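Shown next, in structure tokens, is the structure this report addresses.
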Amino acid sequence: MSWRTVVISQHAKVSYSGRKIIVQTKDATHQVPIDDIQILLVATTQAVLTASAITELSEAGAKIIFTGKDGNPTCETIADYPGNRSLASIQQQVEWGTGLKETLWTAIIQAKIAMQIQCAQLLGKDIEDLTTEADAMVFADRTNREAVIARKYFQLVFDKDFVRTEYSPINAALNYVLLS
């Protein structure tokens with residue numbers, strides 16, 4: 001069972017040998033058993049990963065996340081091994097009708113907003129403005145309540161000057177999810 005998050009934050013070469021990922025930096029060489037790695041976070045543009053390291057991590061079910069110069073994620077690997085979503089499943093979702101897509105989108109947005117309201121409430125914040133906006137939401141969020149509520153939520157939870165798109169430690173932390 002994988003459990004480690006390995007962070008590459010400096011110039012390094014990442015390779016594979018004998019069921020281990022080898023991380024070579026200017027200071028040292030580290031070996032991590034591949035089966036221990038849940039996430040490989042490449043938090044620098046100065047790292048080199050070999051194809052064998054990427055392939056073995058993918059086959060072991062590890063996720064590789066790459067960040068840009070600002071520290072925000074730019075892309076991640078998605079394994080195509082059995083048990084992952086098949087092409088037929090993806091094609092079926094692409095062919096869903098507009099009504100079904102809009103129904104699912106509405107349910108997802110409503111759940112997200114409900115979680116934001118619950119979180120703000122648990123933090124002891126006044127949620128009246130958020131619930132008023134949530135009550136104004138229409139099917140498929142055609143009035144874009146999600147964006148309005150998100151802006152208000154983040155300013156309520158952090159502060160009035162908080163902007164979600166700025167590079168800051170708070171935003172960097174919000175951009176990562178540790179999968180269990």
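Simple scheme: letters A, B, ... for chains in structure tokens order, numbers from 1 for residues in each chain, numbers from 1 for ligands in the order shown.
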- Item | Those of range 21-121 of chain A in DSSP alpha helix (DSSP H), formatted as a PyMOL selection string | chain A and resi 51-59+87-94+98-121
Which range 55-99 of chain A residues have any atom within 12 Å of an atom of range 4-20 of chain A, and for each, what is the nearest pair of atoms with distance in Å to one decimal, counting only C-alpha atoms, rows sorted by chain and number, as CSV?
residue,atom,partner,partner_atom,distance
A:Thr55,CA,A:Tyr16,CA,9.3
A:Glu56,CA,A:Tyr16,CA,7.5
A:Leu57,CA,A:Tyr16,CA,9.0
A:Glu59,CA,A:Arg19,CA,11.4
A:Ala60,CA,A:Arg19,CA,9.9
A:Ala62,CA,A:Thr5,CA,9.5
A:Lys63,CA,A:Thr5,CA,9.5
A:Ile64,CA,A:Val6,CA,9.6
A:Ile65,CA,A:Val7,CA,9.6
A:Phe66,CA,A:Ile8,CA,9.7
A:Thr67,CA,A:Ser9,CA,10.0
A:Gly68,CA,A:Ser9,CA,11.5
A:Lys69,CA,A:Ser9,CA,11.1
A:Gly71,CA,A:Ser9,CA,10.1
- Message: Could you list, as a VMD selection string, every residue within 8 Å of range 155-161 of chain A, counting only C-alpha atoms and ignoring same-chain residues fewer than 2 positions away?
- Response: chain A and resid 120 123 125 151 to 153 163
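Distance-wise, CA of Ala107 in chain A and CA of Val148 in chain A end up 17.1 Å apart.
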- Query: What separation in Å, quoted to one decimal, exists between CA of Leu40 in chain A and CA of Gln116 in chain A?
  - Reply: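 So the answer is 28.7 Å.
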- Query: Expressed in Å to a single decimal, how great is the separation between CA of Thr103 in chain A and CA of Ala140 in chain A?
  - Reply: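 CA of Thr103 in chain A sits 6.7 Å away from CA of Ala140 in chain A.
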Which neighbours of His30 in chain A fall inside 10 Å, counting only C-alpha atoms, when residues of the same chain fewer than 4 positions from it are skipped, and could you give them as a short mmCIF file (atom, residue, chain, number, x, y, z; two decimals) with N, CA, C and O atoms, in the first residue's frame?
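Writing the result to part.cif gives the following:
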data_model
loop_
_atom_site.label_atom_id
_atom_site.label_comp_id
_atom_site.auth_asym_id
_atom_site.auth_seq_id
_atom_site.Cartn_x
_atom_site.Cartn_y
_atom_site.Cartn_z
N VAL A 14 15.54 11.70 -11.91
CA VAL A 14 14.71 10.66 -11.32
C VAL A 14 14.71 9.49 -12.29
O VAL A 14 14.29 9.62 -13.44
N LYS A 20 12.86 0.41 -7.32
CA LYS A 20 13.07 1.64 -6.57
C LYS A 20 13.17 2.82 -7.51
O LYS A 20 13.65 2.68 -8.64
N ILE A 21 12.73 3.96 -7.03
CA ILE A 21 12.94 5.21 -7.74
C ILE A 21 14.23 5.79 -7.19
O ILE A 21 14.42 5.88 -5.97
N ILE A 22 15.13 6.17 -8.08
CA ILE A 22 16.41 6.74 -7.70
C ILE A 22 16.35 8.24 -7.98
O ILE A 22 16.09 8.66 -9.11
N VAL A 23 16.58 9.05 -6.94
CA VAL A 23 16.57 10.50 -7.08
C VAL A 23 17.99 10.99 -6.84
O VAL A 23 18.51 10.90 -5.72
N GLN A 24 18.62 11.49 -7.90
CA GLN A 24 19.99 11.98 -7.82
C GLN A 24 19.98 13.50 -7.83
O GLN A 24 19.47 14.10 -8.78
N THR A 25 20.53 14.11 -6.78
CA THR A 25 20.69 15.56 -6.72
C THR A 25 22.18 15.85 -6.65
O THR A 25 22.99 14.93 -6.56
#
- Show which residues sit within 12 Å of range 127-139 of chain A, as a PyMOL selection string. Count only C-alpha atoms, and ignore same-chain residues fewer than 2 positions away. chain A and resi 99-125+141-157
- Task: Looking only at strand (DSSP E) from DSSP on the backbone, list the matching residues of range 73-131 of chain A as a PyMOL selection string.
- Result: chain A and resi 73-76
